[in-house]
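Shown next, in structure tokens, is the structure this report addresses.
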Amino acid sequence: MAESAAIAVRDLTKAYTATTGLFGVSLDVSLGSVMALLGPNGAGKTTVVRILSTLVRPDAGSVAIGGVDALSRPDAVQAMIGVANQSAAVDEKLTGRANLAMFARLHRLPRTQARVRAAELLELFDLTEAAGKPVKSYSGGMRRKLDLAVSLIGHPSILFLDEPTTGLDPASRLALWEVIDGLVADGTTVLLTTQYLDEADALARDVTFIDDGRVIARGTPAELKSRIGGRQVDLTPASPDLVAPLARQLAGFEVTSGDRALHVSIGDDVADLRRLLTAVDVSGIALADYSVRTPTLDDVYFHVTGHERPADTTDSSDGSGAATSEAAAKEVAA
């Protein structure tokens with residue numbers, strides 16, 4: 001186990017078929033940090049979370065959580081972790097307050113302490129006003145907040161969050177990011193899976209990409225983006241039919257093709273951009289639009305998985321030319 005690693009996984013294997021499962025996955029999550037586990041749907045992200053949270057036993061490999069062997073001492077691990085899975089764990093007929101008090105009692109808190117802890121979490125997740133209402137009347141975002149609150153009842157030092165903000169509106173997502181940031185600032189370690197790559201970029205100190213049950217890339221967001229190139233240039237031809245011909249004309253560049261646009265990696269030098277635009281001009285193919293931006297985790301995702309972009313993902317409505325995570329999120333969730 002690496003020094004100061006809260007989670008240490010070595011050669012984790014769980015084969016459902018010859019090609020489905022996990023195959024030799026290793027990772028380390030440092031104390032008091034966030035690691036984002038990213039990859040397409042079916043890559044094995046949820047299986048990793050289920051094994052690390054002692055819900056599934058692997059075929060081979062080792063797992064240490066907080067220095068404890070999770071395979072031989074699952075009870076000790078369960079006492080130090082919190083888990084928020086994709087599926088809701090709460091009782092819709094009970095109120096939010098009653099749900100939290102019930103789970104607190106299951107954590108063997110005395111009745112008075114259970115009520116106090118429930119009140120603390122209701123306040124933390126801005127659910128105090130809805131505390132006395134049955135959960136069936138909650139919005140999807142409120143239910144997700146309550147799920148996360150349940151995972152924190154036992155003051156876990158290590159937290160597993162499986163797509164915690166799926167279905168939330170932007171304001172609720174940002175609010176939960178603040179909660180997660182606060183937990184990490186207090187020393188909590190978080191392993192996060194998400195279909196939103198901008199979320200991983202905002203929250204995670206380290207990112208691990210897996211595909212087909214294997215680790216295919218790892219590093220900090222900055223390190224991973226630096227591997228793509230200094231700048232990304234998004235070229236949108238006047239017609240989608242011109243995407244392929246333009247790609248052939250730019251054979252000397254690192255080009256990724258989308259349905260309606262090309263995405264070209266260049267260096268930071270202005271001369272690189274000038275050379276690219278000159279090549280486009282020489283091709284005689286008209287552009288409807290182009291933008292220059294820094295790489296994003298979306299670019300990393302499509303680069304390391306080798307998956308084609310389903311559509312042009314650039315969005316310069318904020319004037320920055322930054323790429324949205326919409327297409328990558330659809331690819332991850334597909």
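Every chain in the structure tokens has a letter given in the order shown (A, B, ...), and although residue numbers restart at 1 in each chain, ligands are simply numbered from 1 in the order shown.
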Residue list (strand (DSSP E), DSSP) for stretch 74-271 of chain A, as a PyMOL selection string: chain A and resi 81-84+158-162+189-193+206-211+214-219+231-237+254-257+262-266
Could you list, with a cut-off of 6 Å and counting only C-alpha atoms, the residues of stretch 209-265 of chain A near stretch 32-39 of chain A, each shown with its nearest atom pair and the distance in Å rounded to one decimal, rows sorted by chain and ascending number, as JSON lines?
```
{"residue": "A:Phe209", "atom": "CA", "partner": "A:Leu38", "partner_atom": "CA", "distance": 4.7}
{"residue": "A:Ile210", "atom": "CA", "partner": "A:Gly39", "partner_atom": "CA", "distance": 5.1}
{"residue": "A:Asp211", "atom": "CA", "partner": "A:Gly39", "partner_atom": "CA", "distance": 5.7}
```
Produce a file of the selected residues containing N, CA, C and O atoms, as a tab-separated table (two decimals), in the first residue's frame.
```
chain	number	residue	atom	x	y	z
A	209	PHE	N	-9.07	6.64	-15.93
A	209	PHE	CA	-9.98	6.20	-16.97
A	209	PHE	C	-9.90	4.68	-17.08
A	209	PHE	O	-8.80	4.11	-17.13
A	210	ILE	N	-11.07	4.02	-17.12
A	210	ILE	CA	-11.09	2.60	-17.40
A	210	ILE	C	-12.01	2.33	-18.58
A	210	ILE	O	-12.97	3.06	-18.82
A	211	ASP	N	-11.69	1.29	-19.33
A	211	ASP	CA	-12.51	0.88	-20.47
A	211	ASP	C	-12.34	-0.62	-20.63
A	211	ASP	O	-11.22	-1.15	-20.48
```
Contacts of stretch 274-283 of chain A within 12 Å, only C-alpha atoms, excl. fewer than 2 positions in-chain, as a PyMOL selection string: chain A and resi 231-237+242-243+245-255+262-272+285-287+290-292
Keeping C-alpha atoms, export the residues of the selection given above as a PDB file, in the first residue's frame.
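Generated file (selection-v7.pdb):
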```pdb
ATOM      1  CA  ARG A 231      -4.450  23.890 -27.934  1.00  0.00           C
ATOM      2  CA  GLN A 232      -7.507  22.382 -29.572  1.00  0.00           C
ATOM      3  CA  VAL A 233      -8.862  23.921 -32.769  1.00  0.00           C
ATOM      4  CA  ASP A 234     -12.433  23.023 -33.687  1.00  0.00           C
ATOM      5  CA  LEU A 235     -13.133  23.358 -37.418  1.00  0.00           C
ATOM      6  CA  THR A 236     -16.719  23.256 -38.675  1.00  0.00           C
ATOM      7  CA  PRO A 237     -16.958  22.952 -42.486  1.00  0.00           C
ATOM      8  CA  LEU A 242     -16.969  18.184 -46.133  1.00  0.00           C
ATOM      9  CA  VAL A 243     -15.743  16.806 -42.784  1.00  0.00           C
ATOM     10  CA  PRO A 245     -12.483  15.593 -47.250  1.00  0.00           C
ATOM     11  CA  LEU A 246     -11.085  18.231 -44.893  1.00  0.00           C
ATOM     12  CA  ALA A 247      -9.676  15.523 -42.606  1.00  0.00           C
ATOM     13  CA  ARG A 248      -7.818  14.051 -45.588  1.00  0.00           C
ATOM     14  CA  GLN A 249      -6.378  17.471 -46.419  1.00  0.00           C
ATOM     15  CA  LEU A 250      -5.097  17.786 -42.845  1.00  0.00           C
ATOM     16  CA  ALA A 251      -3.347  14.411 -42.766  1.00  0.00           C
ATOM     17  CA  GLY A 252      -0.208  16.024 -41.367  1.00  0.00           C
ATOM     18  CA  PHE A 253      -2.019  17.123 -38.186  1.00  0.00           C
ATOM     19  CA  GLU A 254      -3.430  15.210 -35.195  1.00  0.00           C
ATOM     20  CA  VAL A 255      -7.113  15.220 -36.120  1.00  0.00           C
ATOM     21  CA  LEU A 262     -12.897  18.313 -36.873  1.00  0.00           C
ATOM     22  CA  HIS A 263     -10.923  18.694 -33.657  1.00  0.00           C
ATOM     23  CA  VAL A 264      -7.223  19.355 -34.213  1.00  0.00           C
ATOM     24  CA  SER A 265      -4.498  19.261 -31.570  1.00  0.00           C
ATOM     25  CA  ILE A 266      -1.738  21.836 -32.034  1.00  0.00           C
ATOM     26  CA  GLY A 267       1.033  23.326 -29.919  1.00  0.00           C
ATOM     27  CA  ASP A 268       0.920  26.592 -28.000  1.00  0.00           C
ATOM     28  CA  ASP A 269       2.863  28.504 -30.643  1.00  0.00           C
ATOM     29  CA  VAL A 270       0.918  30.931 -32.840  1.00  0.00           C
ATOM     30  CA  ALA A 271       2.882  29.544 -35.785  1.00  0.00           C
ATOM     31  CA  ASP A 272       1.127  26.183 -35.290  1.00  0.00           C
ATOM     32  CA  ILE A 285     -12.917  23.912 -48.202  1.00  0.00           C
ATOM     33  CA  ALA A 286     -15.046  26.656 -46.682  1.00  0.00           C
ATOM     34  CA  LEU A 287     -15.556  26.821 -42.925  1.00  0.00           C
ATOM     35  CA  TYR A 290     -13.759  27.665 -36.020  1.00  0.00           C
ATOM     36  CA  SER A 291     -12.639  28.143 -32.418  1.00  0.00           C
ATOM     37  CA  VAL A 292      -9.431  27.772 -30.442  1.00  0.00           C
TER      38      VAL A 292
END
```
With a cut-off of 8 Å, could you pull out the residues of stretch 1-50 of chain A touching stretch 150-173 of chain A and give me the nearest pair of atoms for each, distance in Å to one decimal, using only C-alpha atoms, ordered by chain and ascending number, as a Markdown table?
```
| residue | atom | partner | partner_atom | distance |
| --- | --- | --- | --- | --- |
| A:Ala6 | CA | A:Ile158 | CA | 7.5 |
| A:Thr46 | CA | A:Asp162 | CA | 6.9 |
| A:Val49 | CA | A:Phe160 | CA | 6.8 |
```
Top pick for closest residue to A:Val9, considering A:Val215, A:Ala114, A:Lys93, A:Glu178 and counting only C-alpha atoms: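 Of A:Val215, A:Ala114, A:Lys93, A:Glu178, the one nearest A:Val9, counting only C-alpha atoms, is A:Val215.
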Polymer residues at most 12 Å from A:Val68, only C-alpha atoms, same-chain spacing of 3 or more positions, as a ChimeraX atom specification: /A:1,5-9,52,54,62-65,71-81
Atoms kept (C-alpha atoms) for selection, written as an mmCIF file, in the first residue's frame:
```cif
data_model
loop_
_atom_site.group_PDB
_atom_site.id
_atom_site.type_symbol
_atom_site.label_atom_id
_atom_site.label_comp_id
_atom_site.auth_asym_id
_atom_site.auth_seq_id
_atom_site.Cartn_x
_atom_site.Cartn_y
_atom_site.Cartn_z
ATOM 1 C CA MET A 1 0.000 0.000 0.000
ATOM 2 C CA ALA A 5 -3.078 6.048 0.505
ATOM 3 C CA ALA A 6 -6.596 5.784 1.889
ATOM 4 C CA ILE A 7 -7.543 3.324 -0.866
ATOM 5 C CA ALA A 8 -5.040 0.909 -2.396
ATOM 6 C CA VAL A 9 -6.137 -1.564 -5.064
ATOM 7 C CA LEU A 52 -14.347 -1.525 -2.679
ATOM 8 C CA THR A 54 -17.465 -4.853 0.204
ATOM 9 C CA SER A 62 -6.114 -7.048 -3.120
ATOM 10 C CA VAL A 63 -8.062 -4.119 -1.653
ATOM 11 C CA ALA A 64 -6.955 -2.043 1.336
ATOM 12 C CA ILE A 65 -9.318 0.613 2.686
ATOM 13 C CA LEU A 71 -11.422 -8.927 1.700
ATOM 14 C CA SER A 72 -10.581 -10.443 5.081
ATOM 15 C CA ARG A 73 -12.114 -7.726 7.310
ATOM 16 C CA PRO A 74 -15.194 -6.348 5.508
ATOM 17 C CA ASP A 75 -16.940 -5.422 8.768
ATOM 18 C CA ALA A 76 -14.061 -3.143 9.776
ATOM 19 C CA VAL A 77 -14.149 -1.477 6.357
ATOM 20 C CA GLN A 78 -17.903 -0.960 6.462
ATOM 21 C CA ALA A 79 -17.497 0.946 9.735
ATOM 22 C CA MET A 80 -15.277 3.580 8.104
ATOM 23 C CA ILE A 81 -16.965 4.117 4.716
#
```
Contact residues around A:Glu120 with only C-alpha atoms at 12 Å, ignoring same-chain residues under 5 positions, as a ChimeraX atom specification: /A:97,100-101,104,113-115,125-128,131,149-150,152-153,155
For the residues in that selection, give me C-alpha atoms as a PDB file, in the first residue's frame.
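File written: selection_17.pdb
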```
ATOM      1  CA  ARG A  97     -36.188  13.500   8.819  1.00  0.00           C
ATOM      2  CA  LEU A 100     -32.244   9.965   8.333  1.00  0.00           C
ATOM      3  CA  ALA A 101     -33.203   9.134  11.921  1.00  0.00           C
ATOM      4  CA  ALA A 104     -28.834   6.780  12.148  1.00  0.00           C
ATOM      5  CA  GLN A 113     -27.995  11.490  18.828  1.00  0.00           C
ATOM      6  CA  ALA A 114     -29.848  10.103  15.814  1.00  0.00           C
ATOM      7  CA  ARG A 115     -32.186  13.109  15.841  1.00  0.00           C
ATOM      8  CA  PHE A 125     -28.038  19.620   2.275  1.00  0.00           C
ATOM      9  CA  ASP A 126     -30.548  22.495   2.539  1.00  0.00           C
ATOM     10  CA  LEU A 127     -33.445  20.107   3.239  1.00  0.00           C
ATOM     11  CA  THR A 128     -34.607  21.539   6.559  1.00  0.00           C
ATOM     12  CA  ALA A 131     -37.718  17.607   6.506  1.00  0.00           C
ATOM     13  CA  ALA A 149     -27.019  12.656   3.402  1.00  0.00           C
ATOM     14  CA  VAL A 150     -27.674   9.006   4.330  1.00  0.00           C
ATOM     15  CA  LEU A 152     -22.702  10.630   5.660  1.00  0.00           C
ATOM     16  CA  ILE A 153     -24.589   9.562   8.779  1.00  0.00           C
ATOM     17  CA  HIS A 155     -19.098  10.393   9.725  1.00  0.00           C
TER      18      HIS A 155
END
```
Among listed residues A:Val25, A:Ala238, A:Ala217, A:Ala43, nearest A:Thr193 (using only C-alpha atoms): A:Ala43
Gap from atom CA of A:Thr189 to atom CA of A:Leu31 - Å, one decimal: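 Taking atom CA of A:Thr189 as the start and atom CA of A:Leu31 as the end point, the length is 5.6 Å.
Minimum distance to A:Thr20 across A:Arg293, A:Ala84, A:Trp177, A:Gly213 (counting only C-alpha atoms) occurs at A:Gly213.
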Shell around A:Arg214 at 10 Å using only C-alpha atoms, local window under 6 positions removed, as a list in words: Asp11, Leu12, Thr13, Gly21, Leu22, Phe23, Gly24, Val25, Ser26, Gly39, Ala43 and Gly44 of chain A
Using the selection just defined, write its residues with all heavy atoms as a short mmCIF file (atom, residue, chain, number, x, y, z; two decimals), in the first residue's frame.
```cif
data_model
loop_
_atom_site.label_atom_id
_atom_site.label_comp_id
_atom_site.auth_asym_id
_atom_site.auth_seq_id
_atom_site.Cartn_x
_atom_site.Cartn_y
_atom_site.Cartn_z
N ASP A 11 -4.28 -5.15 -8.87
CA ASP A 11 -4.60 -6.27 -9.78
C ASP A 11 -6.00 -6.83 -9.55
O ASP A 11 -6.20 -8.05 -9.52
CB ASP A 11 -3.56 -7.39 -9.63
CG ASP A 11 -2.15 -6.90 -9.95
OD1 ASP A 11 -1.99 -6.13 -10.91
OD2 ASP A 11 -1.21 -7.29 -9.21
N LEU A 12 -6.96 -5.94 -9.42
CA LEU A 12 -8.34 -6.34 -9.14
C LEU A 12 -8.95 -7.00 -10.36
O LEU A 12 -8.94 -6.45 -11.46
CB LEU A 12 -9.16 -5.11 -8.74
CG LEU A 12 -10.47 -5.36 -7.99
CD1 LEU A 12 -10.20 -6.04 -6.66
CD2 LEU A 12 -11.19 -4.04 -7.76
N THR A 13 -9.49 -8.20 -10.16
CA THR A 13 -10.10 -8.96 -11.24
C THR A 13 -11.46 -9.49 -10.81
O THR A 13 -11.60 -10.05 -9.72
CB THR A 13 -9.21 -10.15 -11.67
OG1 THR A 13 -7.96 -9.64 -12.14
CG2 THR A 13 -9.86 -10.96 -12.77
N GLY A 21 -16.11 -7.45 -17.25
CA GLY A 21 -15.72 -7.44 -15.85
C GLY A 21 -14.56 -6.51 -15.63
O GLY A 21 -14.41 -5.48 -16.31
N LEU A 22 -13.71 -6.85 -14.65
CA LEU A 22 -12.50 -6.08 -14.36
C LEU A 22 -11.29 -7.00 -14.56
O LEU A 22 -11.33 -8.17 -14.17
CB LEU A 22 -12.50 -5.58 -12.91
CG LEU A 22 -13.64 -4.66 -12.50
CD1 LEU A 22 -13.54 -4.35 -11.01
CD2 LEU A 22 -13.64 -3.37 -13.31
N PHE A 23 -10.22 -6.44 -15.13
CA PHE A 23 -9.06 -7.25 -15.46
C PHE A 23 -7.78 -6.51 -15.06
O PHE A 23 -7.27 -5.69 -15.80
CB PHE A 23 -9.06 -7.58 -16.95
CG PHE A 23 -10.33 -8.24 -17.42
CD1 PHE A 23 -11.34 -7.49 -18.01
CD2 PHE A 23 -10.55 -9.60 -17.23
CE1 PHE A 23 -12.53 -8.08 -18.42
CE2 PHE A 23 -11.72 -10.20 -17.64
CZ PHE A 23 -12.73 -9.45 -18.23
N GLY A 24 -7.30 -6.81 -13.84
CA GLY A 24 -6.04 -6.25 -13.39
C GLY A 24 -6.06 -4.77 -13.07
O GLY A 24 -5.08 -4.07 -13.33
N VAL A 25 -7.14 -4.29 -12.47
CA VAL A 25 -7.26 -2.87 -12.15
C VAL A 25 -6.47 -2.55 -10.87
O VAL A 25 -6.63 -3.22 -9.85
CB VAL A 25 -8.74 -2.47 -11.96
CG1 VAL A 25 -8.86 -1.06 -11.38
CG2 VAL A 25 -9.48 -2.56 -13.28
N SER A 26 -5.62 -1.54 -10.95
CA SER A 26 -4.88 -1.06 -9.78
C SER A 26 -5.05 0.45 -9.67
O SER A 26 -5.07 1.15 -10.68
CB SER A 26 -3.39 -1.39 -9.90
OG SER A 26 -3.16 -2.78 -9.95
N GLY A 39 -15.13 6.54 -17.48
CA GLY A 39 -15.10 5.59 -18.58
C GLY A 39 -16.50 5.40 -19.13
O GLY A 39 -17.48 5.84 -18.53
N ALA A 43 -17.92 0.02 -18.53
CA ALA A 43 -16.46 -0.10 -18.44
C ALA A 43 -16.02 -0.82 -17.17
O ALA A 43 -14.92 -1.37 -17.12
CB ALA A 43 -15.81 1.28 -18.49
N GLY A 44 -16.87 -0.80 -16.13
CA GLY A 44 -16.53 -1.46 -14.88
C GLY A 44 -16.48 -0.53 -13.68
O GLY A 44 -16.09 -0.95 -12.58
#
```
Two-atom distance - atom CA of A:Gly182, atom CA of A:His107 (Å):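 Distance between the two atoms: 22.8 Å.
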